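Trainee: Structure: run_39.cif, mmCIF, C-alpha atoms and all ligand atoms.
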data_run
loop_
_atom_site.group_PDB
_atom_site.id
_atom_site.type_symbol
_atom_site.label_atom_id
_atom_site.label_comp_id
_atom_site.auth_asym_id
_atom_site.auth_seq_id
_atom_site.Cartn_x
_atom_site.Cartn_y
_atom_site.Cartn_z
ATOM 1 C CA LYS A 1184 -36.529 -57.551 -69.551
ATOM 2 C CA VAL A 1185 -32.879 -56.853 -70.233
ATOM 3 C CA ASN A 1186 -31.703 -53.560 -68.888
ATOM 4 C CA MET A 1187 -28.583 -51.597 -69.603
ATOM 5 C CA GLN A 1188 -26.805 -53.014 -66.602
ATOM 6 C CA ASP A 1189 -27.350 -56.626 -67.689
ATOM 7 C CA PHE A 1190 -26.145 -55.695 -71.092
ATOM 8 C CA MET A 1191 -22.977 -54.070 -69.766
ATOM 9 C CA SER A 1192 -22.190 -56.948 -67.431
ATOM 10 C CA ALA A 1193 -22.707 -59.436 -70.241
ATOM 11 C CA LEU A 1194 -20.239 -57.444 -72.286
ATOM 12 C CA SER A 1195 -17.693 -57.382 -69.517
ATOM 13 C CA GLU A 1196 -17.860 -61.166 -69.267
ATOM 14 C CA VAL A 1197 -16.440 -61.432 -72.751
ATOM 15 C CA HIS A 1198 -12.703 -61.201 -72.402
ATOM 16 C CA PRO A 1199 -11.113 -60.615 -75.772
ATOM 17 C CA ALA A 1200 -7.551 -61.469 -74.751
ATOM 18 C CA PHE A 1201 -6.471 -64.153 -72.381
ATOM 19 C CA GLY A 1202 -4.569 -63.043 -69.331
ATOM 20 C CA VAL A 1203 -5.961 -59.578 -68.871
ATOM 21 C CA SER A 1204 -7.399 -59.221 -65.405
ATOM 22 C CA GLU A 1205 -9.570 -56.200 -65.976
ATOM 23 C CA ASP A 1206 -11.706 -56.615 -62.877
ATOM 24 C CA GLU A 1207 -8.635 -56.813 -60.701
ATOM 25 C CA LEU A 1208 -7.278 -53.639 -62.188
ATOM 26 C CA ASP A 1209 -10.590 -51.783 -62.005
ATOM 27 C CA GLN A 1210 -10.875 -52.702 -58.374
ATOM 28 C CA VAL A 1211 -7.603 -51.104 -57.330
ATOM 29 C CA VAL A 1212 -8.225 -47.886 -59.242
ATOM 30 C CA GLN A 1213 -11.660 -47.779 -57.648
ATOM 31 C CA ASN A 1214 -11.607 -44.067 -56.937
ATOM 32 C CA GLY A 1215 -10.063 -43.088 -60.216
ATOM 33 C CA ILE A 1216 -7.000 -40.920 -60.595
ATOM 34 C CA ILE A 1217 -7.252 -37.311 -59.518
ATOM 35 C CA HIS A 1218 -4.734 -35.049 -61.235
ATOM 36 C CA PHE A 1219 -4.007 -33.019 -58.126
ATOM 37 C CA ASP A 1220 -0.490 -32.034 -59.108
ATOM 38 C CA LYS A 1221 1.817 -31.988 -62.082
ATOM 39 C CA VAL A 1222 3.646 -34.898 -60.482
ATOM 40 C CA VAL A 1223 0.645 -37.156 -61.167
ATOM 41 C CA ASP A 1224 0.771 -36.393 -64.870
ATOM 42 C CA ASP A 1225 4.549 -36.799 -64.877
ATOM 43 C CA LEU A 1226 4.228 -40.246 -63.299
ATOM 44 C CA LEU A 1227 1.566 -41.358 -65.754
ATOM 45 C CA ARG A 1228 3.634 -40.051 -68.643
ATOM 46 C CA SER A 1229 6.730 -41.902 -67.418
ATOM 47 C CA GLY A 1230 4.616 -45.046 -67.200
ATOM 48 C CA ARG A 1231 3.319 -44.552 -70.730
ATOM 49 C CA LEU A 1232 6.858 -44.089 -72.038
ATOM 50 C CA LEU A 1233 7.953 -47.391 -70.505
ATOM 51 C CA VAL A 1234 4.897 -49.101 -71.990
ATOM 52 C CA GLU A 1235 5.850 -47.708 -75.409
ATOM 53 C CA GLN A 1236 9.499 -48.610 -74.995
ATOM 54 C CA VAL A 1237 8.710 -52.249 -74.367
ATOM 55 C CA ARG A 1238 6.128 -52.274 -77.137
ATOM 56 C CA VAL A 1239 8.452 -51.001 -79.869
ATOM 57 C CA SER A 1240 12.044 -51.592 -78.835
ATOM 58 C CA GLN A 1241 13.856 -54.667 -80.069
ATOM 59 C CA ARG A 1242 16.675 -54.185 -77.608
ATOM 60 C CA THR A 1243 14.818 -54.120 -74.332
ATOM 61 C CA PRO A 1244 12.698 -57.254 -73.997
ATOM 62 C CA LEU A 1245 12.664 -56.788 -70.227
ATOM 63 C CA VAL A 1246 12.059 -53.484 -68.478
ATOM 64 C CA SER A 1247 11.311 -53.098 -64.805
ATOM 65 C CA VAL A 1248 10.342 -50.084 -62.755
ATOM 66 C CA LEU A 1249 9.865 -49.572 -59.033
ATOM 67 C CA LEU A 1250 7.143 -47.209 -57.847
ATOM 68 C CA HIS A 1251 7.957 -46.211 -54.309
ATOM 69 C CA GLY A 1252 6.467 -43.710 -51.918
ATOM 70 C CA PRO A 1253 4.902 -43.409 -48.485
ATOM 71 C CA PRO A 1254 1.922 -45.592 -47.526
ATOM 72 C CA GLY A 1255 -1.256 -44.593 -49.306
ATOM 73 C CA SER A 1256 0.427 -42.278 -51.794
ATOM 74 C CA GLY A 1257 -1.307 -44.024 -54.676
ATOM 75 C CA LYS A 1258 1.303 -46.496 -55.900
ATOM 76 C CA THR A 1259 -1.043 -49.406 -56.574
ATOM 77 C CA ALA A 1260 -3.622 -47.269 -58.347
ATOM 78 C CA LEU A 1261 -0.985 -45.623 -60.537
ATOM 79 C CA ALA A 1262 0.605 -48.955 -61.442
ATOM 80 C CA ALA A 1263 -2.790 -50.437 -62.290
ATOM 81 C CA SER A 1264 -3.774 -47.398 -64.262
ATOM 82 C CA VAL A 1265 -0.611 -47.555 -66.401
ATOM 83 C CA ALA A 1266 -1.268 -51.274 -66.877
ATOM 84 C CA GLN A 1267 -4.872 -50.677 -67.907
ATOM 85 C CA ALA A 1268 -3.896 -48.039 -70.420
ATOM 86 C CA SER A 1269 -1.157 -50.214 -71.951
ATOM 87 C CA GLU A 1270 -3.582 -52.400 -73.918
ATOM 88 C CA TYR A 1271 -1.049 -55.220 -73.747
ATOM 89 C CA PRO A 1272 -2.566 -58.648 -74.456
ATOM 90 C CA PHE A 1273 -1.309 -60.016 -71.133
ATOM 91 C CA ILE A 1274 -1.668 -58.019 -67.913
ATOM 92 C CA LYS A 1275 -1.534 -59.531 -64.448
ATOM 93 C CA LEU A 1276 -1.516 -58.158 -60.953
ATOM 94 C CA ILE A 1277 0.428 -60.043 -58.310
ATOM 95 C CA SER A 1278 -0.952 -58.734 -55.056
ATOM 96 C CA PRO A 1279 -0.543 -59.848 -51.435
ATOM 97 C CA ASP A 1280 -4.262 -59.140 -51.002
ATOM 98 C CA ARG A 1281 -4.951 -62.116 -53.247
ATOM 99 C CA MET A 1282 -2.581 -64.380 -51.387
ATOM 100 C CA VAL A 1283 -4.019 -64.181 -47.910
ATOM 101 C CA GLY A 1284 -3.636 -67.564 -46.260
ATOM 102 C CA TYR A 1285 -1.173 -68.845 -48.848
ATOM 103 C CA THR A 1286 1.777 -70.821 -47.560
ATOM 104 C CA GLU A 1287 5.224 -69.734 -48.592
ATOM 105 C CA THR A 1288 5.308 -72.505 -51.193
ATOM 106 C CA GLN A 1289 1.929 -71.535 -52.625
ATOM 107 C CA LYS A 1290 3.086 -67.942 -52.928
ATOM 108 C CA VAL A 1291 6.244 -68.952 -54.748
ATOM 109 C CA GLN A 1292 4.167 -71.151 -57.065
ATOM 110 C CA ALA A 1293 1.585 -68.469 -57.794
ATOM 111 C CA ILE A 1294 4.232 -65.824 -58.535
ATOM 112 C CA THR A 1295 6.238 -68.202 -60.708
ATOM 113 C CA LYS A 1296 3.118 -69.266 -62.608
ATOM 114 C CA THR A 1297 2.153 -65.685 -63.401
ATOM 115 C CA PHE A 1298 5.592 -65.023 -64.861
ATOM 116 C CA SER A 1299 5.673 -68.260 -66.872
ATOM 117 C CA ASP A 1300 2.224 -67.421 -68.236
ATOM 118 C CA SER A 1301 3.503 -63.996 -69.209
ATOM 119 C CA TYR A 1302 6.337 -65.565 -71.232
ATOM 120 C CA LYS A 1303 3.745 -67.150 -73.522
ATOM 121 C CA SER A 1304 2.449 -63.793 -74.659
ATOM 122 C CA PRO A 1305 4.427 -61.613 -77.074
ATOM 123 C CA LEU A 1306 3.848 -58.555 -74.913
ATOM 124 C CA SER A 1307 3.187 -58.700 -71.188
ATOM 125 C CA LEU A 1308 2.868 -56.455 -68.198
ATOM 126 C CA VAL A 1309 3.081 -57.782 -64.653
ATOM 127 C CA VAL A 1310 2.390 -55.580 -61.637
ATOM 128 C CA VAL A 1311 4.115 -56.880 -58.521
ATOM 129 C CA ASP A 1312 2.308 -54.976 -55.834
ATOM 130 C CA ASN A 1313 3.606 -54.242 -52.357
ATOM 131 C CA ILE A 1314 6.841 -56.194 -52.341
ATOM 132 C CA GLU A 1315 7.276 -55.941 -48.573
ATOM 133 C CA ARG A 1316 3.968 -57.627 -47.934
ATOM 134 C CA LEU A 1317 4.601 -60.255 -50.592
ATOM 135 C CA ILE A 1318 7.765 -61.273 -48.784
ATOM 136 C CA ASP A 1319 6.126 -60.926 -45.346
ATOM 137 C CA TRP A 1320 8.576 -58.276 -44.248
ATOM 138 C CA THR A 1321 8.564 -57.669 -40.489
ATOM 139 C CA PRO A 1322 10.619 -54.715 -39.268
ATOM 140 C CA MET A 1323 11.156 -56.355 -35.924
ATOM 141 C CA GLY A 1324 14.209 -58.497 -36.375
ATOM 142 C CA ALA A 1325 14.080 -57.680 -40.086
ATOM 143 C CA ARG A 1326 12.395 -60.981 -40.895
ATOM 144 C CA PHE A 1327 10.940 -61.993 -44.222
ATOM 145 C CA SER A 1328 10.290 -64.967 -46.446
ATOM 146 C CA ASN A 1329 13.564 -65.748 -48.128
ATOM 147 C CA PRO A 1330 12.056 -68.181 -50.686
ATOM 148 C CA VAL A 1331 9.631 -65.522 -51.900
ATOM 149 C CA LEU A 1332 12.403 -62.905 -52.015
ATOM 150 C CA GLN A 1333 14.696 -65.231 -53.969
ATOM 151 C CA THR A 1334 11.866 -65.994 -56.407
ATOM 152 C CA LEU A 1335 11.306 -62.281 -57.022
ATOM 153 C CA LEU A 1336 15.034 -61.615 -57.450
ATOM 154 C CA VAL A 1337 15.272 -64.321 -60.088
ATOM 155 C CA LEU A 1338 12.088 -63.377 -61.945
ATOM 156 C CA PHE A 1339 12.834 -59.633 -61.936
ATOM 157 C CA ALA A 1340 16.130 -60.330 -63.700
ATOM 158 C CA ARG A 1341 15.082 -63.149 -66.048
ATOM 159 C CA ARG A 1342 14.780 -62.172 -69.682
ATOM 160 C CA PRO A 1343 11.665 -63.508 -71.344
ATOM 161 C CA PRO A 1344 12.200 -66.047 -74.158
ATOM 162 C CA LYS A 1345 13.155 -64.853 -77.622
ATOM 163 C CA GLY A 1346 10.509 -62.738 -79.268
ATOM 164 C CA ARG A 1347 8.697 -62.024 -75.996
ATOM 165 C CA ARG A 1348 8.667 -58.757 -74.099
ATOM 166 C CA LEU A 1349 7.834 -57.978 -70.533
ATOM 167 C CA LEU A 1350 7.304 -54.847 -68.477
ATOM 168 C CA ILE A 1351 7.379 -55.267 -64.712
ATOM 169 C CA ILE A 1352 5.929 -52.566 -62.459
ATOM 170 C CA ALA A 1353 6.662 -53.193 -58.795
ATOM 171 C CA THR A 1354 5.537 -51.113 -55.822
ATOM 172 C CA SER A 1355 6.879 -50.605 -52.319
ATOM 173 C CA SER A 1356 6.571 -48.211 -49.400
ATOM 174 C CA LEU A 1357 9.942 -49.212 -48.025
ATOM 175 C CA ARG A 1358 12.490 -47.810 -50.413
ATOM 176 C CA PRO A 1359 15.465 -47.951 -47.978
ATOM 177 C CA GLU A 1360 14.780 -51.600 -47.097
ATOM 178 C CA MET A 1361 14.817 -52.511 -50.785
ATOM 179 C CA ASN A 1362 18.575 -51.832 -50.729
ATOM 180 C CA ASP A 1363 19.224 -54.241 -47.897
ATOM 181 C CA LEU A 1364 17.086 -56.889 -49.576
ATOM 182 C CA GLY A 1365 19.074 -56.620 -52.800
ATOM 183 C CA LEU A 1366 15.966 -55.394 -54.558
ATOM 184 C CA ALA A 1367 17.106 -51.884 -55.360
ATOM 185 C CA ASN A 1368 19.620 -52.270 -58.160
ATOM 186 C CA ILE A 1369 17.577 -54.837 -59.976
ATOM 187 C CA PHE A 1370 15.149 -52.295 -61.438
ATOM 188 C CA ASP A 1371 15.876 -50.379 -64.625
ATOM 189 C CA SER A 1372 14.244 -47.292 -63.210
ATOM 190 C CA GLU A 1373 12.482 -45.903 -60.172
ATOM 191 C CA LEU A 1374 9.679 -43.433 -59.761
ATOM 192 C CA ARG A 1375 8.812 -41.738 -56.489
ATOM 193 C CA VAL A 1376 5.135 -41.301 -55.718
ATOM 194 C CA PRO A 1377 4.956 -38.403 -53.261
ATOM 195 C CA PRO A 1378 2.303 -37.610 -50.664
ATOM 196 C CA ILE A 1379 0.201 -34.480 -50.934
ATOM 197 C CA THR A 1380 2.073 -31.551 -49.392
ATOM 198 C CA THR A 1381 0.589 -28.411 -50.861
ATOM 199 C CA ILE A 1382 -2.613 -26.461 -50.354
ATOM 200 C CA ALA A 1383 -2.995 -26.273 -54.126
ATOM 201 C CA ALA A 1384 -3.061 -30.063 -54.391
ATOM 202 C CA LEU A 1385 -5.412 -30.408 -51.422
ATOM 203 C CA ASP A 1386 -7.642 -27.764 -52.966
ATOM 204 C CA HIS A 1387 -7.721 -29.698 -56.224
ATOM 205 C CA VAL A 1388 -8.798 -32.907 -54.492
ATOM 206 C CA LEU A 1389 -11.439 -31.204 -52.333
ATOM 207 C CA ARG A 1390 -12.971 -29.524 -55.351
ATOM 208 C CA GLU A 1391 -12.933 -32.662 -57.425
ATOM 209 C CA VAL A 1392 -14.739 -34.739 -54.809
ATOM 210 C CA GLU A 1393 -17.173 -31.886 -54.080
ATOM 211 C CA LEU A 1394 -17.010 -32.233 -50.328
ATOM 212 C CA PHE A 1395 -18.128 -28.694 -49.589
ATOM 213 C CA SER A 1396 -21.396 -27.309 -50.789
ATOM 214 C CA GLN A 1397 -20.720 -23.823 -49.488
ATOM 215 C CA GLU A 1398 -17.913 -21.778 -50.916
ATOM 216 C CA ASN A 1399 -17.407 -19.598 -47.831
ATOM 217 C CA GLU A 1400 -17.120 -22.604 -45.569
ATOM 218 C CA TYR A 1401 -14.633 -24.079 -47.980
ATOM 219 C CA ARG A 1402 -12.522 -20.896 -48.097
ATOM 220 C CA GLU A 1403 -12.542 -20.704 -44.317
ATOM 221 C CA THR A 1404 -11.229 -24.260 -44.082
ATOM 222 C CA ILE A 1405 -8.423 -23.616 -46.534
ATOM 223 C CA ARG A 1406 -7.516 -20.412 -44.655
ATOM 224 C CA THR A 1407 -7.354 -22.215 -41.321
ATOM 225 C CA LEU A 1408 -5.065 -24.821 -42.803
ATOM 226 C CA THR A 1409 -2.834 -22.241 -44.441
ATOM 227 C CA GLU A 1410 -2.532 -20.272 -41.194
ATOM 228 C CA ALA A 1411 -1.632 -23.440 -39.331
ATOM 229 C CA GLY A 1412 1.336 -23.816 -41.654
ATOM 230 C CA PHE A 1413 -0.088 -26.596 -43.773
ATOM 231 C CA GLY A 1414 1.246 -26.804 -47.263
ATOM 232 C CA ALA A 1415 3.823 -24.063 -46.764
ATOM 233 C CA GLY A 1416 5.724 -23.507 -49.961
ATOM 234 C CA ASP A 1417 4.243 -24.060 -53.346
ATOM 235 C CA ASP A 1418 6.070 -27.127 -54.514
ATOM 236 C CA MET A 1419 5.756 -30.766 -53.527
ATOM 237 C CA ASN A 1420 8.125 -30.252 -50.643
ATOM 238 C CA MET A 1421 9.322 -32.212 -47.665
ATOM 239 C CA ASN A 1422 9.064 -29.329 -45.203
ATOM 240 C CA SER A 1423 5.334 -28.921 -45.403
ATOM 241 C CA ARG A 1424 3.350 -29.769 -42.296
ATOM 242 C CA MET A 1425 1.084 -31.684 -44.559
ATOM 243 C CA GLN A 1426 2.321 -35.068 -45.752
ATOM 244 C CA ILE A 1427 -0.731 -37.072 -46.593
ATOM 245 C CA GLY A 1428 -1.270 -39.893 -49.022
ATOM 246 C CA ILE A 1429 -4.172 -39.515 -51.429
ATOM 247 C CA LYS A 1430 -5.655 -42.768 -50.139
ATOM 248 C CA ARG A 1431 -5.823 -41.498 -46.567
ATOM 249 C CA LEU A 1432 -7.075 -38.088 -47.657
ATOM 250 C CA LEU A 1433 -9.907 -39.654 -49.642
ATOM 251 C CA SER A 1434 -10.949 -41.764 -46.680
ATOM 252 C CA MET A 1435 -10.869 -38.700 -44.363
ATOM 253 C CA ILE A 1436 -13.060 -36.904 -46.859
ATOM 254 C CA GLU A 1437 -15.568 -39.745 -46.940
ATOM 255 C CA MET A 1438 -15.690 -39.767 -43.154
ATOM 256 C CA ALA A 1439 -16.245 -36.012 -43.013
ATOM 257 C CA ARG A 1440 -19.050 -36.388 -45.534
ATOM 258 C CA GLN A 1441 -20.970 -38.570 -43.101
ATOM 259 C CA GLU A 1442 -21.787 -35.494 -41.016
ATOM 260 C CA PRO A 1443 -22.877 -32.820 -43.459
ATOM 261 C CA GLU A 1444 -23.236 -30.145 -40.762
ATOM 262 C CA TYR A 1445 -19.710 -30.587 -39.478
ATOM 263 C CA VAL A 1446 -17.823 -31.257 -42.660
ATOM 264 C CA ALA A 1447 -15.267 -28.481 -42.126
ATOM 265 C CA GLU A 1448 -14.700 -29.340 -38.497
ATOM 266 C CA ARG A 1449 -14.276 -33.022 -39.120
ATOM 267 C CA LEU A 1450 -11.933 -32.523 -42.011
ATOM 268 C CA LEU A 1451 -9.794 -30.020 -40.087
ATOM 269 C CA ASN A 1452 -9.612 -32.290 -37.076
ATOM 270 C CA ALA A 1453 -8.599 -35.219 -39.211
ATOM 271 C CA LEU A 1454 -5.972 -33.271 -41.126
ATOM 272 C CA MET A 1455 -4.566 -31.364 -38.167
ATOM 273 C CA GLY A 1456 -4.673 -34.378 -35.947
ATOM 274 C CA LEU A 1457 -2.162 -36.041 -38.220
ATOM 275 C CA GLY A 1458 0.401 -34.793 -35.748
ATOM 276 C CA MET A 1459 3.102 -33.730 -38.127
HETATM 277 P P1 LIG A 1501 -0.502 -48.673 -49.772
HETATM 278 O O1 LIG A 1501 0.763 -47.977 -49.332
HETATM 279 O O2 LIG A 1501 -1.449 -48.910 -48.654
HETATM 280 O O3 LIG A 1501 -0.258 -49.864 -50.632
HETATM 281 P P2 LIG A 1501 -0.963 -47.152 -52.178
HETATM 282 O O4 LIG A 1501 0.162 -46.160 -52.199
HETATM 283 O O5 LIG A 1501 -0.832 -48.342 -53.035
HETATM 284 O O6 LIG A 1501 -1.284 -47.597 -50.664
HETATM 285 P P3 LIG A 1501 -3.529 -46.950 -53.375
HETATM 286 O O7 LIG A 1501 -3.979 -48.224 -52.816
HETATM 287 O O8 LIG A 1501 -3.158 -46.893 -54.816
HETATM 288 O O9 LIG A 1501 -2.293 -46.360 -52.540
HETATM 289 O O10 LIG A 1501 -4.655 -45.888 -53.041
HETATM 290 C C1 LIG A 1501 -4.835 -44.706 -53.750
HETATM 291 C C2 LIG A 1501 -6.308 -44.407 -53.843
HETATM 292 O O11 LIG A 1501 -6.481 -43.061 -54.238
HETATM 293 C C3 LIG A 1501 -7.023 -45.254 -54.865
HETATM 294 O O12 LIG A 1501 -8.339 -45.505 -54.398
HETATM 295 C C4 LIG A 1501 -7.085 -44.349 -56.111
HETATM 296 O O13 LIG A 1501 -8.210 -44.611 -56.910
HETATM 297 C C5 LIG A 1501 -7.184 -42.978 -55.475
HETATM 298 N N1 LIG A 1501 -6.533 -41.913 -56.238
HETATM 299 C C6 LIG A 1501 -7.067 -40.741 -56.566
HETATM 300 N N2 LIG A 1501 -6.197 -39.956 -57.199
HETATM 301 C C7 LIG A 1501 -5.059 -40.636 -57.288
HETATM 302 C C8 LIG A 1501 -3.782 -40.331 -57.837
HETATM 303 N N3 LIG A 1501 -3.509 -39.172 -58.416
HETATM 304 N N4 LIG A 1501 -2.830 -41.267 -57.741
HETATM 305 C C9 LIG A 1501 -3.097 -42.439 -57.153
HETATM 306 N N5 LIG A 1501 -4.277 -42.790 -56.605
HETATM 307 C C10 LIG A 1501 -5.262 -41.894 -56.662
HETATM 308 MG MG MG A 1502 -0.669 -50.332 -52.542
#
Once you've parsed the file, please lay out its structure as structure tokens.
Ligand code: ATP
Ligand code: MG
Mentor:
Amino acid sequence: KVNMQDFMSALSEVHPAFGVSEDELDQVVQNGIIHFDKVVDDLLRSGRLLVEQVRVSQRTPLVSVLLHGPPGSGKTALAASVAQASEYPFIKLISPDRMVGYTETQKVQAITKTFSDSYKSPLSLVVVDNIERLIDWTPMGARFSNPVLQTLLVLFARRPPKGRRLLIIATSSLRPEMNDLGLANIFDSELRVPPITTIAALDHVLREVELFSQENEYRETIRTLTEAGFGAGDDMNMNSRMQIGIKRLLSMIEMARQEPEYVAERLLNALMGLGM
């Protein structure tokens, strides 16, 4: 008997366009995108505008953007989500997670191959995720793989052949280091992906994931956090005691969920124990 699931997985095995790695993209946006602040919508809109620009403009065959922000702020998921929504015929994700155990040479080859493949399609989008890990950046002694860095520098600046267009979305948590590596001025634009700093944003996430079943317990938790100075101010600000990436917040929430009787306690401990 064929059930719905078989049917759906059979469908997903049919890839209409070559070069679109849908599974890869789905995987990194695993938890979806929560619109916890206006900044999330602004980022997605900026991404959409770049996608449109490359799609329609004759003058900009190559556009590149750097998404930067603290660890876990949602850079990879946002990049993948913009890529998914683009509906370009060629979309690829270059990720250090897929290059574990690669030698330097293999990395250079894999990155170069992805870009040369992209040049065969009229319209392409390549996500270059986590630049610092791709180049094996080590803060101690500021070491990194120079061949991989040089490859990226060349490919980020290389115009695709005539009649082809390419949008590059790169991500990094180390914005200042990008300057020293010569990777800062190479991008046409930059977008900052901020951590969560406000109670309003936290509130949005907590409601969306339905962590609390009791409203009074929930209110109490929010009050405790507010009194402790979390999320002071009502804008995405740097002075807030709370500076937490959505990725980390979601994993704290899932941990708190494991103990239904102590949800509030566990969440508060996790958040307040951040030590900021
Ligand atoms: P790292 O610095 O470790 O590379 P990151 O900044 O790339 O982390 P992601 O790996 O994208 O962060 O993790 C973000 C997680 O949060 C994903 O699981 C994503 O589905 C989820 N998420 C929920 N809402 C959002 C949002 N508004 N923006 C981004 N990610 C979100
Ligand atoms: Mg990432």
Trainee: Have a look at A:Asp1220, A:Met1425, A:Leu1451, A:Pro1322 and name the one nearest to Arg1406 (chain A); count all atoms listed in the file.
Mentor: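 Checking each candidate against Arg1406 (chain A), we get A:Leu1451 as the closest.
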Trainee: Can you work out which residues are within 7 Å of ligand MG 1502 (chain A), considering all atoms listed in the file, and then hand them over as a PyMOL selection string?
Mentor: chain A and resi 1255+1257-1259+1312-1313
Trainee: Include C-alpha atoms and write out the residues we just selected as a PDB file, in the frame of the given file.
Mentor:
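The result, written out as part.pdb:
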ATOM      1  CA  GLY A1255      -1.256 -44.593 -49.306  1.00  0.00           C
ATOM      2  CA  GLY A1257      -1.307 -44.024 -54.676  1.00  0.00           C
ATOM      3  CA  LYS A1258       1.303 -46.496 -55.900  1.00  0.00           C
ATOM      4  CA  THR A1259      -1.043 -49.406 -56.574  1.00  0.00           C
ATOM      5  CA  ASP A1312       2.308 -54.976 -55.834  1.00  0.00           C
ATOM      6  CA  ASN A1313       3.606 -54.242 -52.357  1.00  0.00           C
TER       7      ASN A1313
END
Trainee: Find the residues around Val1203 (chain A) up to 8 Å (only C-alpha atoms counted), leave out those fewer than 6 positions away in its own chain, and share them as a PyMOL selection string.
Mentor: chain A and resi 1272-1275
Trainee: Using the chain letters and numbers from the file, which residues does the PyMOL selection byres (((chain A and resi 1326-1337) around 10) and not hetatm) grab, as a PyMOL selection string?
Mentor: chain A and resi 1287-1292+1294-1295+1311+1314-1325+1338-1342+1364-1366+1369
Trainee: Evaluate the PyMOL selection byres (((chain A and resi 1237) around 10) and not hetatm) against this structure - the residues, as a short mmCIF file (atom, residue, chain, number, x, y, z; two decimals) with C-alpha atoms, in the frame of the given file, please.
Mentor:
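Written out: expr-v6.cif:
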data_model
loop_
_atom_site.label_atom_id
_atom_site.label_comp_id
_atom_site.auth_asym_id
_atom_site.auth_seq_id
_atom_site.Cartn_x
_atom_site.Cartn_y
_atom_site.Cartn_z
CA LEU A 1232 6.86 -44.09 -72.04
CA LEU A 1233 7.95 -47.39 -70.50
CA VAL A 1234 4.90 -49.10 -71.99
CA GLU A 1235 5.85 -47.71 -75.41
CA GLN A 1236 9.50 -48.61 -75.00
CA ARG A 1238 6.13 -52.27 -77.14
CA VAL A 1239 8.45 -51.00 -79.87
CA SER A 1240 12.04 -51.59 -78.83
CA GLN A 1241 13.86 -54.67 -80.07
CA ARG A 1242 16.68 -54.18 -77.61
CA THR A 1243 14.82 -54.12 -74.33
CA PRO A 1244 12.70 -57.25 -74.00
CA LEU A 1245 12.66 -56.79 -70.23
CA VAL A 1246 12.06 -53.48 -68.48
CA SER A 1247 11.31 -53.10 -64.81
CA LEU A 1306 3.85 -58.56 -74.91
CA SER A 1307 3.19 -58.70 -71.19
CA LEU A 1308 2.87 -56.46 -68.20
CA ARG A 1347 8.70 -62.02 -76.00
CA ARG A 1348 8.67 -58.76 -74.10
CA LEU A 1349 7.83 -57.98 -70.53
CA LEU A 1350 7.30 -54.85 -68.48
#
Trainee: Considering all atoms listed in the file, can you say which of A:Val1248, A:Ala1447, A:Ala1383, A:Ala1263 comes closest to ligand LIG 1501 (chain A)?
Mentor: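 Of A:Val1248, A:Ala1447, A:Ala1383, A:Ala1263, the one nearest ligand LIG 1501 (chain A), counting all atoms listed in the file, is A:Ala1263.
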Trainee: Which of these residues is nearest to Leu1357 (chain A), using only C-alpha atoms: A:Gln1267, A:Ile1217, A:Gln1426, A:Pro1253?
Mentor: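 The shortest atom-to-atom distance to Leu1357 (chain A) comes from A:Pro1253.
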Trainee: Would you work out the distance separating CA of Arg1228 (chain A) from CA of His1387 (chain A), expressed in Å to one decimal?
Mentor: 19.8 Å
Trainee: Enumerate residues in contact with ligand LIG 1501 (chain A): an atom-to-atom distance of at most 10 Å, counting all atoms listed in the file. Format the result as a short mmCIF file (atom, residue, chain, number, x, y, z; two decimals) with C-alpha atoms, keeping the file's coordinate frame.
Mentor:
data_model
loop_
_atom_site.label_atom_id
_atom_site.label_comp_id
_atom_site.auth_asym_id
_atom_site.auth_seq_id
_atom_site.Cartn_x
_atom_site.Cartn_y
_atom_site.Cartn_z
CA ASP A 1209 -10.59 -51.78 -62.00
CA GLN A 1210 -10.88 -52.70 -58.37
CA VAL A 1211 -7.60 -51.10 -57.33
CA VAL A 1212 -8.22 -47.89 -59.24
CA GLN A 1213 -11.66 -47.78 -57.65
CA ASN A 1214 -11.61 -44.07 -56.94
CA GLY A 1215 -10.06 -43.09 -60.22
CA ILE A 1216 -7.00 -40.92 -60.60
CA ILE A 1217 -7.25 -37.31 -59.52
CA HIS A 1218 -4.73 -35.05 -61.24
CA PHE A 1219 -4.01 -33.02 -58.13
CA ASP A 1220 -0.49 -32.03 -59.11
CA LYS A 1221 1.82 -31.99 -62.08
CA VAL A 1222 3.65 -34.90 -60.48
CA VAL A 1223 0.64 -37.16 -61.17
CA ASP A 1224 0.77 -36.39 -64.87
CA LEU A 1226 4.23 -40.25 -63.30
CA LEU A 1227 1.57 -41.36 -65.75
CA LEU A 1250 7.14 -47.21 -57.85
CA HIS A 1251 7.96 -46.21 -54.31
CA GLY A 1252 6.47 -43.71 -51.92
CA PRO A 1253 4.90 -43.41 -48.48
CA PRO A 1254 1.92 -45.59 -47.53
CA GLY A 1255 -1.26 -44.59 -49.31
CA SER A 1256 0.43 -42.28 -51.79
CA GLY A 1257 -1.31 -44.02 -54.68
CA LYS A 1258 1.30 -46.50 -55.90
CA THR A 1259 -1.04 -49.41 -56.57
CA ALA A 1260 -3.62 -47.27 -58.35
CA LEU A 1261 -0.98 -45.62 -60.54
CA ALA A 1262 0.60 -48.96 -61.44
CA ALA A 1263 -2.79 -50.44 -62.29
CA SER A 1264 -3.77 -47.40 -64.26
CA SER A 1278 -0.95 -58.73 -55.06
CA ASP A 1312 2.31 -54.98 -55.83
CA ASN A 1313 3.61 -54.24 -52.36
CA ILE A 1314 6.84 -56.19 -52.34
CA GLU A 1315 7.28 -55.94 -48.57
CA ARG A 1316 3.97 -57.63 -47.93
CA THR A 1354 5.54 -51.11 -55.82
CA SER A 1355 6.88 -50.60 -52.32
CA SER A 1356 6.57 -48.21 -49.40
CA LEU A 1357 9.94 -49.21 -48.02
CA VAL A 1376 5.14 -41.30 -55.72
CA PRO A 1377 4.96 -38.40 -53.26
CA PRO A 1378 2.30 -37.61 -50.66
CA ILE A 1379 0.20 -34.48 -50.93
CA ALA A 1384 -3.06 -30.06 -54.39
CA VAL A 1388 -8.80 -32.91 -54.49
CA GLU A 1391 -12.93 -32.66 -57.42
CA VAL A 1392 -14.74 -34.74 -54.81
CA GLY A 1428 -1.27 -39.89 -49.02
CA ILE A 1429 -4.17 -39.52 -51.43
CA LYS A 1430 -5.66 -42.77 -50.14
CA ARG A 1431 -5.82 -41.50 -46.57
CA LEU A 1432 -7.08 -38.09 -47.66
CA LEU A 1433 -9.91 -39.65 -49.64
CA SER A 1434 -10.95 -41.76 -46.68
#
